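work_10.txt, holding compact mmCIF, C-alpha atoms (C1' of nucleotides):
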```txt
# COMPACT_ATOMS: atom_id res chain seq x y z
CA MET A 1 176.45 204.88 96.94
CA ASP A 2 173.99 203.39 99.34
CA PRO A 3 171.35 201.55 97.27
CA VAL A 4 168.67 201.88 99.95
CA THR A 5 168.60 205.62 100.21
CA PRO A 6 168.94 207.28 96.82
CA LYS A 7 170.07 210.59 98.18
CA ARG A 8 170.06 212.19 94.76
CA PRO A 9 166.55 211.99 93.38
CA TYR A 10 167.23 213.73 90.10
CA ASP A 11 168.73 211.91 87.19
CA ALA A 12 170.37 214.80 85.42
CA TYR A 13 173.98 214.47 84.56
CA GLU A 14 175.76 215.37 87.67
CA TYR A 15 179.11 216.95 87.36
CA GLU A 16 181.14 217.36 90.47
CA SER A 17 181.60 221.00 91.22
CA SER A 18 185.29 220.35 91.44
CA ALA A 19 185.19 218.87 87.96
CA CYS A 20 183.46 221.86 86.44
CA SER A 21 185.40 224.40 84.44
CA ILE A 22 183.15 227.18 85.65
CA ALA A 23 183.83 226.33 89.29
CA ARG A 24 187.54 225.99 88.64
CA THR A 25 187.70 229.34 86.93
CA LEU A 26 185.66 230.97 89.67
CA GLU A 27 188.13 229.67 92.21
CA GLN A 28 190.80 231.74 90.53
CA ILE A 29 189.01 234.89 89.45
CA GLY A 30 185.58 234.56 91.02
CA ASP A 31 185.94 236.80 94.02
CA ARG A 32 184.52 240.25 94.30
CA TRP A 33 187.61 242.12 93.15
CA ALA A 34 189.50 239.96 90.73
CA LEU A 35 187.42 240.75 87.67
CA LEU A 36 187.41 244.46 88.45
CA ILE A 37 191.18 244.39 88.86
CA LEU A 38 191.48 242.58 85.54
CA ARG A 39 189.13 245.07 83.93
CA ASP A 40 191.34 247.91 85.07
CA VAL A 41 194.59 246.22 84.13
CA ALA A 42 193.16 245.42 80.71
CA ASN A 43 192.19 249.06 80.49
CA GLY A 44 195.64 250.43 81.16
CA VAL A 45 195.47 250.92 84.92
CA ARG A 46 198.56 249.01 85.86
CA ARG A 47 200.11 250.42 89.01
CA PHE A 48 199.35 249.53 92.55
CA ASP A 49 198.33 252.96 93.75
CA GLN A 50 196.28 253.66 90.66
CA LEU A 51 194.42 250.43 91.14
CA ALA A 52 193.86 251.01 94.83
CA ASP A 53 192.67 254.52 94.14
CA HIS A 54 190.49 253.71 91.20
CA LEU A 55 188.87 250.61 92.61
CA GLY A 56 188.52 251.83 96.16
CA VAL A 57 189.78 248.50 97.37
CA ALA A 58 191.78 248.09 100.56
CA ARG A 59 195.47 247.92 99.82
CA ASN A 60 196.05 244.63 101.58
CA VAL A 61 193.20 243.04 99.66
CA LEU A 62 194.59 244.43 96.41
CA SER A 63 198.01 243.15 97.32
CA ARG A 64 196.70 239.68 98.03
CA ARG A 65 194.60 239.55 94.89
CA LEU A 66 197.46 240.73 92.68
CA ALA A 67 199.74 238.12 94.21
CA ALA A 68 197.13 235.45 93.59
CA LEU A 69 196.47 236.59 90.04
CA THR A 70 200.20 236.60 89.41
CA GLU A 71 200.53 233.12 90.81
CA PHE A 72 197.67 231.90 88.63
CA GLY A 73 199.46 233.34 85.64
CA VAL A 74 196.85 235.82 84.48
CA VAL A 75 198.86 238.91 85.33
CA THR A 76 202.59 239.45 85.46
CA ARG A 77 204.82 242.02 87.09
CA VAL A 78 206.84 244.18 84.74
CA ALA A 79 209.59 246.52 85.89
CA TYR A 80 209.39 250.17 84.87
CA ARG A 81 211.26 253.26 85.86
CA ASP A 82 209.99 256.83 85.83
CA GLU A 83 212.81 259.33 85.47
CA GLY A 84 214.01 260.42 88.86
CA SER A 85 212.49 257.41 90.54
CA ARG A 86 213.73 254.02 91.41
CA GLU A 87 212.63 250.95 89.56
CA ARG A 88 209.13 249.77 90.34
CA GLN A 89 206.76 247.08 89.22
CA GLU A 90 203.55 247.31 87.31
CA TYR A 91 201.02 244.67 86.39
CA ARG A 92 200.03 243.49 82.94
CA LEU A 93 197.86 240.78 81.54
CA THR A 94 199.58 237.62 80.41
CA ASP A 95 198.29 235.76 77.38
CA ALA A 96 196.09 233.69 79.65
CA GLY A 97 194.87 236.88 81.28
CA HIS A 98 194.10 238.34 77.88
CA GLU A 99 191.90 235.34 77.21
CA LEU A 100 189.71 236.43 80.12
CA ILE A 101 188.54 239.42 78.14
CA PRO A 102 185.59 237.55 76.67
CA ILE A 103 184.37 237.00 80.22
CA LEU A 104 184.62 240.72 80.89
CA LEU A 105 182.82 241.47 77.65
CA ALA A 106 180.05 239.04 78.51
CA PHE A 107 179.54 240.78 81.83
CA MET A 108 179.63 244.15 80.19
CA GLY A 109 177.13 243.14 77.55
CA TRP A 110 174.64 241.86 80.07
CA GLY A 111 175.01 244.91 82.28
CA ASP A 112 174.57 247.18 79.29
CA ARG A 113 171.35 245.46 78.35
CA HIS A 114 169.85 245.04 81.81
CA LEU A 115 171.39 247.51 84.21
CA ALA A 116 172.14 250.62 82.18
CA GLY A 117 170.27 253.72 83.17
CA PRO A 118 168.10 255.63 80.75
CA GLU A 119 171.15 257.36 79.28
CA GLY A 120 172.47 254.09 77.91
CA PRO A 121 175.60 252.06 78.54
CA PRO A 122 178.53 253.77 80.24
CA ALA A 123 181.04 252.53 77.68
CA TYR A 124 181.29 250.29 74.70
CA PRO A 125 184.19 248.28 73.40
CA VAL A 126 185.49 248.64 69.88
CA HIS A 127 187.92 246.62 67.82
CA ALA A 128 191.35 248.16 68.36
CA ARG A 129 192.26 247.78 64.71
CA CYS A 130 189.14 248.85 62.86
CA GLY A 131 187.23 250.82 65.49
CA ALA A 132 183.96 248.97 64.97
CA PRO A 133 181.84 248.05 68.00
CA VAL A 134 182.42 244.58 69.33
CA ARG A 135 180.06 242.01 70.75
CA VAL A 136 180.06 238.56 72.24
CA SER A 137 178.31 235.94 70.19
CA ILE A 138 177.62 232.28 70.72
CA THR A 139 178.02 230.15 67.64
CA CYS A 140 178.02 226.45 66.96
CA GLU A 141 180.35 224.63 64.65
CA ALA A 142 177.54 224.14 62.20
CA GLY A 143 177.61 227.90 61.75
CA HIS A 144 174.45 228.86 63.62
CA ASP A 145 174.42 231.99 65.70
CA LEU A 146 172.60 231.07 68.92
CA GLY A 147 171.72 234.64 69.80
CA ASP A 148 171.45 236.21 73.22
CA ARG A 149 169.60 233.37 74.88
CA PRO A 150 171.33 230.27 73.61
CA HIS A 151 169.70 226.90 74.10
CA LEU A 152 172.30 224.32 74.93
CA HIS A 153 172.93 220.83 76.14
CA LEU A 154 175.90 219.79 78.14
CA GLU A 155 177.68 216.67 76.99
CA PRO A 156 180.10 214.92 79.29
CA GLY A 157 183.65 215.49 78.10
CA PRO A 158 186.73 213.33 78.50
CA GLY A 159 187.53 214.82 81.89
CA SER A 160 184.05 214.30 83.29
CA ARG A 161 183.10 212.20 86.21
CA VAL A 162 179.48 211.53 85.51
CA ARG A 163 177.50 209.98 88.26
CA ALA A 164 174.12 209.07 86.93
CA GLY A 165 172.22 205.86 86.48
CA ALA A 166 171.04 206.23 82.94
CA PRO A 167 173.28 207.31 80.10
CA GLY A 168 171.06 209.71 78.30
CA GLY A 169 169.78 211.26 81.49
CA ARG A 170 167.49 214.19 81.21
CA ALA A 171 166.53 215.58 77.89
CA MET B 1 192.48 268.62 87.14
CA ASP B 2 194.79 270.39 89.49
CA PRO B 3 197.86 271.31 87.43
CA VAL B 4 200.20 271.26 90.39
CA THR B 5 199.51 267.85 91.78
CA PRO B 6 198.50 265.47 89.01
CA LYS B 7 197.26 262.81 91.37
CA ARG B 8 196.29 260.60 88.49
CA PRO B 9 199.32 260.10 86.35
CA TYR B 10 197.62 257.91 83.79
CA ASP B 11 195.52 259.45 81.15
CA ALA B 12 193.41 256.49 80.23
CA TYR B 13 189.67 256.99 80.30
CA GLU B 14 188.58 256.59 83.83
CA TYR B 15 185.14 255.21 84.42
CA GLU B 16 183.66 255.23 87.86
CA SER B 17 183.28 251.74 89.14
CA SER B 18 179.67 252.47 89.87
CA ALA B 19 179.20 253.53 86.26
CA CYS B 20 180.66 250.31 84.88
CA SER B 21 178.43 247.58 83.54
CA ILE B 22 180.86 244.96 84.73
CA ALA B 23 180.73 246.24 88.29
CA ARG B 24 176.98 246.54 88.19
CA THR B 25 176.58 243.01 86.94
CA LEU B 26 179.01 241.70 89.52
CA GLU B 27 176.93 243.32 92.23
CA GLN B 28 174.05 241.09 91.25
CA ILE B 29 175.70 237.82 90.30
CA GLY B 30 179.31 238.30 91.25
CA ASP B 31 179.44 236.49 94.53
CA ARG B 32 180.91 233.13 95.06
CA TRP B 33 177.71 231.11 94.64
CA ALA B 34 175.46 232.97 92.26
CA LEU B 35 177.07 231.78 89.03
CA LEU B 36 177.24 228.20 90.26
CA ILE B 37 173.58 228.32 91.21
CA LEU B 38 172.77 229.71 87.79
CA ARG B 39 174.87 227.04 86.15
CA ASP B 40 172.91 224.36 87.95
CA VAL B 41 169.54 225.94 87.31
CA ALA B 42 170.42 226.30 83.64
CA ASN B 43 171.40 222.65 83.72
CA GLY B 44 168.11 221.37 85.09
CA VAL B 45 168.87 221.35 88.80
CA ARG B 46 165.93 223.38 89.95
CA ARG B 47 164.89 222.35 93.43
CA PHE B 48 166.13 223.66 96.70
CA ASP B 49 167.39 220.43 98.16
CA GLN B 50 168.98 219.34 94.91
CA LEU B 51 170.83 222.62 94.68
CA ALA B 52 171.94 222.52 98.30
CA ASP B 53 173.09 218.95 97.91
CA HIS B 54 174.78 219.37 94.55
CA LEU B 55 176.54 222.62 95.30
CA GLY B 56 177.41 221.86 98.89
CA VAL B 57 176.30 225.33 99.85
CA ALA B 58 174.82 226.10 103.24
CA ARG B 59 171.04 226.16 103.09
CA ASN B 60 170.70 229.59 104.57
CA VAL B 61 173.13 230.98 102.01
CA LEU B 62 171.30 229.22 99.21
CA SER B 63 168.04 230.62 100.49
CA ARG B 64 169.41 234.14 100.51
CA ARG B 65 171.03 233.88 97.09
CA LEU B 66 167.90 232.44 95.50
CA ALA B 67 165.84 235.22 97.01
CA ALA B 68 168.29 237.79 95.69
CA LEU B 69 168.43 236.23 92.23
CA THR B 70 164.65 236.14 92.18
CA GLU B 71 164.49 239.77 93.18
CA PHE B 72 166.98 240.71 90.47
CA GLY B 73 164.78 238.92 87.97
CA VAL B 74 167.22 236.31 86.72
CA VAL B 75 165.41 233.35 88.22
CA THR B 76 161.74 232.85 88.98
CA ARG B 77 159.81 230.50 91.21
CA VAL B 78 157.50 228.07 89.45
CA ALA B 79 154.99 225.85 91.21
CA TYR B 80 155.14 222.13 90.56
CA ARG B 81 153.47 219.11 92.06
CA ASP B 82 154.83 215.59 92.21
CA GLU B 83 152.04 213.03 92.46
CA GLY B 84 151.35 212.23 96.06
CA SER B 85 152.99 215.41 97.20
CA ARG B 86 151.82 218.85 97.90
CA GLU B 87 152.56 221.76 95.65
CA ARG B 88 156.08 223.08 95.89
CA GLN B 89 158.24 225.69 94.17
CA GLU B 90 161.18 225.26 91.88
CA TYR B 91 163.50 227.78 90.29
CA ARG B 92 163.96 228.52 86.62
CA LEU B 93 165.85 231.04 84.58
CA THR B 94 163.94 234.04 83.36
CA ASP B 95 164.71 235.52 79.96
CA ALA B 96 167.22 237.85 81.60
CA GLY B 97 168.72 234.87 83.40
CA HIS B 98 168.99 233.01 80.12
CA GLU B 99 171.02 235.88 78.77
CA LEU B 100 173.62 235.15 81.43
CA ILE B 101 174.52 231.92 79.69
CA PRO B 102 177.21 233.58 77.55
CA ILE B 103 178.93 234.56 80.79
CA LEU B 104 178.83 230.95 81.96
CA LEU B 105 180.13 229.79 78.59
CA ALA B 106 182.97 232.29 78.70
CA PHE B 107 183.98 230.96 82.11
CA MET B 108 183.69 227.41 80.91
CA GLY B 109 185.76 228.06 77.82
CA TRP B 110 188.57 229.63 79.77
CA GLY B 111 188.57 226.87 82.36
CA ASP B 112 188.58 224.24 79.65
CA ARG B 113 191.62 225.81 78.04
CA HIS B 114 193.60 226.63 81.15
CA LEU B 115 192.47 224.48 84.02
CA ALA B 116 191.44 221.17 82.52
CA GLY B 117 193.48 218.19 83.59
CA PRO B 118 195.29 215.96 81.14
CA GLU B 119 192.06 214.11 80.39
CA GLY B 120 190.53 217.18 78.83
CA PRO B 121 187.52 219.30 79.68
CA PRO B 122 184.89 217.85 82.00
CA ALA B 123 182.01 218.79 79.71
CA TYR B 124 181.30 220.65 76.54
CA PRO B 125 178.22 222.52 75.48
CA VAL B 126 176.41 221.74 72.25
CA HIS B 127 173.67 223.52 70.36
CA ALA B 128 170.38 222.07 71.58
CA ARG B 129 168.93 222.02 68.08
CA CYS B 130 171.75 220.71 65.94
CA GLY B 131 174.05 219.05 68.47
CA ALA B 132 177.19 220.82 67.23
CA PRO B 133 179.72 222.08 69.78
CA VAL B 134 179.32 225.67 70.75
CA ARG B 135 181.83 228.38 71.49
CA VAL B 136 182.02 232.00 72.50
CA SER B 137 183.38 234.33 69.89
CA ILE B 138 184.13 238.01 69.86
CA THR B 139 183.27 239.74 66.64
CA CYS B 140 183.13 243.32 65.51
CA GLU B 141 180.47 244.87 63.38
CA ALA B 142 182.88 245.04 60.47
CA GLY B 143 182.78 241.26 60.52
CA HIS B 144 186.18 240.50 62.00
CA ASP B 145 186.55 237.64 64.44
CA LEU B 146 188.82 238.92 67.19
CA GLY B 147 189.84 235.48 68.38
CA ASP B 148 190.62 234.35 71.90
CA ARG B 149 192.70 237.35 72.88
CA PRO B 150 190.79 240.29 71.50
CA HIS B 151 192.43 243.67 71.32
CA LEU B 152 189.97 246.36 72.21
CA HIS B 153 189.51 249.97 73.04
CA LEU B 154 186.86 251.30 75.33
CA GLU B 155 184.90 254.26 74.08
CA PRO B 156 182.83 256.31 76.49
CA GLY B 157 179.14 255.64 75.94
CA PRO B 158 176.15 257.85 76.54
CA GLY B 159 175.88 256.80 80.19
CA SER B 160 179.53 257.43 80.95
CA ARG B 161 180.87 259.84 83.45
CA VAL B 162 184.36 260.36 82.17
CA ARG B 163 186.71 262.11 84.48
CA ALA B 164 189.49 263.50 82.42
CA GLY B 165 190.56 267.06 81.86
CA ALA B 166 187.88 267.30 79.22
CA PRO B 167 184.42 268.89 79.62
CA GLY B 168 182.29 267.76 82.50
CA GLY B 169 185.04 266.41 84.66
CA ARG B 170 183.77 264.15 87.34
CA ALA B 171 181.82 265.57 90.21
C1' DC C 1 147.98 209.62 114.71
C1' DA C 2 152.79 209.14 114.35
C1' DC C 3 155.94 209.78 110.92
C1' DC C 4 157.99 211.38 106.42
C1' DT C 5 159.67 214.89 103.14
C1' DA C 6 160.69 219.42 100.78
C1' DA C 7 161.69 223.79 101.65
C1' DG C 8 163.06 226.75 104.05
C1' DT C 9 164.40 229.63 108.91
C1' DT C 10 167.01 230.29 113.16
C1' DT C 11 170.98 229.98 115.95
C1' DC C 12 175.55 229.99 116.78
C1' DC C 13 180.33 230.00 115.44
C1' DT C 14 184.25 230.83 112.50
C1' DC C 15 186.94 232.94 109.17
C1' DG C 16 188.27 236.17 106.02
C1' DA C 17 187.30 240.75 103.73
C1' DG C 18 187.76 245.75 104.72
C1' DC C 19 189.75 249.37 106.82
C1' DA C 20 193.38 252.14 108.75
C1' DA C 21 197.62 252.74 110.38
C1' DC C 22 202.24 251.50 110.05
C1' DC C 23 206.65 249.92 107.56
C1' DC C 24 210.38 250.01 104.04
C1' DA C 25 213.39 250.96 100.11
C1' DG C 26 215.52 254.22 97.62
C1' DG C 27 216.01 258.55 95.11
C1' DA C 28 215.78 263.93 95.93
C1' DG C 29 217.48 267.72 98.02
C1' DG C 30 219.39 270.55 101.18
C1' DC D 1 225.07 262.76 105.35
C1' DC D 2 220.65 263.19 107.09
C1' DT D 3 215.97 263.88 106.33
C1' DC D 4 211.88 263.88 103.55
C1' DC D 5 208.82 261.96 100.08
C1' DT D 6 206.49 258.46 97.51
C1' DG D 7 205.19 254.00 95.64
C1' DG D 8 204.35 249.60 97.20
C1' DG D 9 203.25 247.04 100.21
C1' DT D 10 202.48 244.51 105.58
C1' DT D 11 200.24 244.30 110.32
C1' DG D 12 196.42 244.37 113.75
C1' DC D 13 191.44 245.00 114.59
C1' DT D 14 186.42 244.62 113.48
C1' DC D 15 182.35 243.21 111.66
C1' DG D 16 179.54 240.80 108.51
C1' DA D 17 179.15 236.89 105.35
C1' DG D 18 179.47 231.89 105.05
C1' DG D 19 178.92 227.22 107.17
C1' DA D 20 176.70 223.41 110.24
C1' DA D 21 173.00 221.87 112.29
C1' DA D 22 168.79 222.15 114.73
C1' DC D 23 164.08 223.80 114.35
C1' DT D 24 159.63 224.89 111.63
C1' DT D 25 155.90 224.38 108.44
C1' DA D 26 152.59 222.03 105.79
C1' DG D 27 150.75 218.59 103.52
C1' DG D 28 150.84 213.27 102.41
C1' DT D 29 150.97 208.29 103.96
C1' DG D 30 150.88 203.81 106.45
```
Turn the structure described in the file into structure tokens.
Amino acid sequence: MDPVTPKRPYDAYEYESSACSIARTLEQIGDRWALLILRDVANGVRRFDQLADHLGVARNVLSRRLAALTEFGVVTRVAYRDEGSRERQEYRLTDAGHELIPILLAFMGWGDRHLAGPEGPPAYPVHARCGAPVRVSITCEAGHDLGDRPHLHLEPGPGSRVRAGAPGGRA
Amino acid sequence: MDPVTPKRPYDAYEYESSACSIARTLEQIGDRWALLILRDVANGVRRFDQLADHLGVARNVLSRRLAALTEFGVVTRVAYRDEGSRERQEYRLTDAGHELIPILLAFMGWGDRHLAGPEGPPAYPVHARCGAPVRVSITCEAGHDLGDRPHLHLEPGPGSRVRAGAPGGRA
DNA sequence: CACCTAAGTTTCCTCGAGCAACCCAGGAGG
DNA sequence: CCTCCTGGGTTGCTCGAGGAAACTTAGGTG
């Protein structure tokens, strides 16, 4: 970098967007429809027409998104056959897709707390096995629950490309 | 539901998109840049030019998003003054914005597990107080940890508008 | 007094999302 | 056999969001 003009006046750790797991994940499922599609698929809405109908999304957009989600390995096409019909495909979450559920729950939790009307949240998730309500929590390995507004630091990991002058950076 | 033409062959609960906390939250922070802006603001990148530079986002888009995020109450403008400069504004998370951090962590966790290169994750979050690594967990009120691929059901909440054959079908 | 900088705002252009209308494969059914 | 129907898409058009860069504003500095 040019030593004369320090274009980056702040000395925080600076992770490249491309080297950020949030940015990478958003590239795959960060568009307007992907998470809603995944919500529906997770919720048992698995067929093309059902999804198009329920989401109100244009069919070509849905088609593209499903193809992309399939390519990324978060959903997969499964053949089914209704009696008296030919074989068709439906969409299901893969294991990797199932691991996106915490993201959906985090969104749902925030919306429930900040955007629900006076009647309360529109739905709440429960543990499939025991039926008890479920929530997202942030915990550290020392066993602390960090609550709803966790205070964190970000440490550079092995895959980081830090570009800062001082190791230690901002506090 | 019309008995002759069951247009909706699946009998899962069907929540209106508009009555879904995920959809509502996505309307506020679900665009391509909002979460990355929030990530940076949470990480100490608070000034307009820093954000524009770091994110590589067009300045007009950044301006609009920051205005929207401010209006939604997840960030707030705070005056600051560098010596020898006039007073300027920077952006910080509000309490509601702070509560979005679990969403960011959920994204980060998934990206770390599924999109990190061979070197490993680019960064990892630690508890600001004790320094121990932090993770998102899904737990139910009965005390079970549901793990990375939680199995859930969705129960209609007080604010739901269920549209099934049951009472109060959708309008 | 000319120039610098942070923080936007305006202008113009491009590109992709959204929509609607069309296509296609294969049973049903007459 | 020929036609219809239905799920699952693909094709062409439009308009608004995103991007690049120039312009603006307001105070500080040599």
field: Proximal residues of chain C relative to chain B (only C-alpha atoms (C1' of nucleotides); 9 Å) as a list in words
entry: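 Taking only C-alpha atoms (C1' of nucleotides) into account, DT5, DA6, DA7, DG8 and DT9 of chain C sit within 9 Å of chain B.
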If chain A is fitted onto chain B by least squares over all C-alpha atoms, taken pair by pair in sequence order, what do its new coordinates look like as a tab-separated table (two decimals) with C-alpha atoms, keeping the file's coordinate frame?
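Listing of part-v3.tsv after writing:
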```tsv
chain	number	residue	atom	x	y	z
A	1	MET	CA	188.35	268.65	92.50
A	2	ASP	CA	191.12	270.42	94.29
A	3	PRO	CA	193.35	272.04	91.64
A	4	VAL	CA	196.43	272.04	93.87
A	5	THR	CA	196.64	268.35	94.52
A	6	PRO	CA	195.81	266.32	91.43
A	7	LYS	CA	195.00	263.17	93.31
A	8	ARG	CA	194.51	261.20	90.12
A	9	PRO	CA	197.75	261.28	88.18
A	10	TYR	CA	196.61	259.18	85.26
A	11	ASP	CA	194.61	260.65	82.45
A	12	ALA	CA	192.79	257.56	81.30
A	13	TYR	CA	189.08	257.76	81.00
A	14	GLU	CA	187.85	257.19	84.44
A	15	TYR	CA	184.54	255.56	84.84
A	16	GLU	CA	183.04	255.48	88.27
A	17	SER	CA	182.81	251.94	89.47
A	18	SER	CA	179.18	252.57	90.21
A	19	ALA	CA	178.68	253.65	86.62
A	20	CYS	CA	180.23	250.53	85.18
A	21	SER	CA	178.07	247.76	83.80
A	22	ILE	CA	180.56	245.16	84.93
A	23	ALA	CA	180.44	246.40	88.52
A	24	ARG	CA	176.67	246.63	88.44
A	25	THR	CA	176.33	243.11	87.16
A	26	LEU	CA	178.83	241.82	89.69
A	27	GLU	CA	176.76	243.37	92.44
A	28	GLN	CA	173.91	241.10	91.45
A	29	ILE	CA	175.60	237.86	90.44
A	30	GLY	CA	179.22	238.40	91.39
A	31	ASP	CA	179.41	236.51	94.64
A	32	ARG	CA	180.95	233.12	95.06
A	33	TRP	CA	177.77	231.11	94.63
A	34	ALA	CA	175.46	232.96	92.33
A	35	LEU	CA	177.04	231.86	89.08
A	36	LEU	CA	177.28	228.26	90.24
A	37	ILE	CA	173.62	228.34	91.25
A	38	LEU	CA	172.75	229.76	87.84
A	39	ARG	CA	174.88	227.13	86.15
A	40	ASP	CA	172.96	224.41	87.94
A	41	VAL	CA	169.56	225.96	87.36
A	42	ALA	CA	170.40	226.38	83.68
A	43	ASN	CA	171.42	222.75	83.71
A	44	GLY	CA	168.16	221.43	85.07
A	45	VAL	CA	168.94	221.37	88.78
A	46	ARG	CA	165.99	223.34	90.00
A	47	ARG	CA	165.00	222.27	93.49
A	48	PHE	CA	166.29	223.56	96.74
A	49	ASP	CA	167.58	220.30	98.13
A	50	GLN	CA	169.13	219.28	94.84
A	51	LEU	CA	170.96	222.56	94.66
A	52	ALA	CA	172.11	222.40	98.25
A	53	ASP	CA	173.28	218.85	97.77
A	54	HIS	CA	174.94	219.34	94.44
A	55	LEU	CA	176.67	222.60	95.23
A	56	GLY	CA	177.62	221.79	98.79
A	57	VAL	CA	176.48	225.22	99.81
A	58	ALA	CA	175.00	225.96	103.22
A	59	ARG	CA	171.23	226.01	103.07
A	60	ASN	CA	170.85	229.47	104.54
A	61	VAL	CA	173.31	230.87	102.02
A	62	LEU	CA	171.46	229.11	99.21
A	63	SER	CA	168.20	230.45	100.51
A	64	ARG	CA	169.51	233.99	100.62
A	65	ARG	CA	171.08	233.79	97.19
A	66	LEU	CA	167.93	232.34	95.61
A	67	ALA	CA	165.85	235.08	97.19
A	68	ALA	CA	168.26	237.69	95.87
A	69	LEU	CA	168.37	236.17	92.41
A	70	THR	CA	164.59	236.05	92.40
A	71	GLU	CA	164.39	239.66	93.44
A	72	PHE	CA	166.84	240.66	90.71
A	73	GLY	CA	164.63	238.88	88.22
A	74	VAL	CA	167.09	236.31	86.93
A	75	VAL	CA	165.33	233.31	88.43
A	76	THR	CA	161.68	232.75	89.22
A	77	ARG	CA	159.82	230.36	91.45
A	78	VAL	CA	157.51	227.93	89.71
A	79	ALA	CA	155.04	225.71	91.54
A	80	TYR	CA	155.18	221.97	90.90
A	81	ARG	CA	153.58	218.99	92.51
A	82	ASP	CA	154.92	215.45	92.66
A	83	GLU	CA	152.15	212.90	93.04
A	84	GLY	CA	151.54	212.18	96.67
A	85	SER	CA	153.22	215.38	97.75
A	86	ARG	CA	152.04	218.83	98.43
A	87	GLU	CA	152.75	221.69	96.11
A	88	ARG	CA	156.29	222.98	96.18
A	89	GLN	CA	158.38	225.55	94.41
A	90	GLU	CA	161.25	225.14	92.04
A	91	TYR	CA	163.53	227.69	90.44
A	92	ARG	CA	163.92	228.48	86.77
A	93	LEU	CA	165.76	231.04	84.75
A	94	THR	CA	163.80	234.04	83.58
A	95	ASP	CA	164.54	235.56	80.20
A	96	ALA	CA	167.01	237.89	81.84
A	97	GLY	CA	168.57	234.92	83.59
A	98	HIS	CA	168.82	233.09	80.29
A	99	GLU	CA	170.81	236.02	78.95
A	100	LEU	CA	173.46	235.28	81.57
A	101	ILE	CA	174.38	232.10	79.76
A	102	PRO	CA	177.01	233.83	77.64
A	103	ILE	CA	178.76	234.78	80.87
A	104	LEU	CA	178.73	231.16	81.97
A	105	LEU	CA	180.01	230.07	78.58
A	106	ALA	CA	182.81	232.61	78.72
A	107	PHE	CA	183.89	231.25	82.08
A	108	MET	CA	183.63	227.72	80.85
A	109	GLY	CA	185.65	228.45	77.75
A	110	TRP	CA	188.47	230.03	79.68
A	111	GLY	CA	188.55	227.24	82.24
A	112	ASP	CA	188.57	224.66	79.48
A	113	ARG	CA	191.55	226.30	77.85
A	114	HIS	CA	193.57	227.11	80.96
A	115	LEU	CA	192.50	224.91	83.83
A	116	ALA	CA	191.52	221.59	82.30
A	117	GLY	CA	193.61	218.64	83.30
A	118	PRO	CA	195.42	216.49	80.79
A	119	GLU	CA	192.22	214.58	80.03
A	120	GLY	CA	190.61	217.66	78.54
A	121	PRO	CA	187.57	219.72	79.44
A	122	PRO	CA	184.99	218.18	81.77
A	123	ALA	CA	182.07	219.10	79.53
A	124	TYR	CA	181.29	220.99	76.40
A	125	PRO	CA	178.17	222.81	75.38
A	126	VAL	CA	176.33	222.05	72.17
A	127	HIS	CA	173.55	223.80	70.32
A	128	ALA	CA	170.29	222.30	71.58
A	129	ARG	CA	168.80	222.26	68.10
A	130	CYS	CA	171.62	221.02	65.90
A	131	GLY	CA	173.98	219.38	68.38
A	132	ALA	CA	177.07	221.19	67.15
A	133	PRO	CA	179.62	222.46	69.67
A	134	VAL	CA	179.16	226.05	70.70
A	135	ARG	CA	181.65	228.79	71.43
A	136	VAL	CA	181.79	232.38	72.52
A	137	SER	CA	183.11	234.77	69.94
A	138	ILE	CA	183.78	238.48	69.95
A	139	THR	CA	182.83	240.25	66.76
A	140	CYS	CA	182.62	243.85	65.69
A	141	GLU	CA	179.91	245.37	63.60
A	142	ALA	CA	182.27	245.61	60.69
A	143	GLY	CA	182.24	241.83	60.67
A	144	HIS	CA	185.68	241.11	62.10
A	145	ASP	CA	186.13	238.24	64.48
A	146	LEU	CA	188.41	239.53	67.24
A	147	GLY	CA	189.52	236.09	68.35
A	148	ASP	CA	190.37	234.91	71.83
A	149	ARG	CA	192.39	237.94	72.85
A	150	PRO	CA	190.39	240.86	71.55
A	151	HIS	CA	191.98	244.28	71.40
A	152	LEU	CA	189.48	246.91	72.35
A	153	HIS	CA	188.95	250.51	73.26
A	154	LEU	CA	186.31	251.73	75.59
A	155	GLU	CA	184.29	254.69	74.41
A	156	PRO	CA	182.22	256.66	76.87
A	157	GLY	CA	178.54	255.93	76.34
A	158	PRO	CA	175.50	258.09	76.99
A	159	GLY	CA	175.30	256.98	80.61
A	160	SER	CA	178.94	257.69	81.36
A	161	ARG	CA	180.28	260.11	83.84
A	162	VAL	CA	183.72	260.73	82.50
A	163	ARG	CA	186.07	262.60	84.71
A	164	ALA	CA	189.17	263.39	82.76
A	165	GLY	CA	190.89	266.55	81.66
A	166	ALA	CA	191.50	265.79	78.04
A	167	PRO	CA	188.86	264.38	75.73
A	168	GLY	CA	190.83	261.82	73.87
A	169	GLY	CA	192.65	260.65	76.96
A	170	ARG	CA	194.95	257.73	76.64
A	171	ALA	CA	195.40	255.98	73.37
```
Worksheet item: Which residue gives the smallest distance to chain B among D:DG30, D:DC13, D:DC2, D:DA21, with all atoms listed in the file counted?
Response: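 Counting all atoms listed in the file, the residue closest to chain B is D:DA21.
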Edge lengths and centre in Å to one decimal, as JSON, is what I'm after for the box along x, y and z that holds all listed atoms of segment 12-26 of chain D once 8 Å is added on each side.
```
{"center_x": 174.5, "center_y": 233.4, "center_z": 109.9, "size_x": 59.8, "size_y": 39.1, "size_z": 25.7}
```
| task | Write out as a PyMOL selection string the residues lying within 12 Å of segment 117-120 of chain A, counting only C-alpha atoms (C1' of nucleotides) and excluding same-chain residues fewer than 3 positions away. | result | (chain A and resi 109+111-114+123-124) or (chain B and resi 18-21+24+156-161)
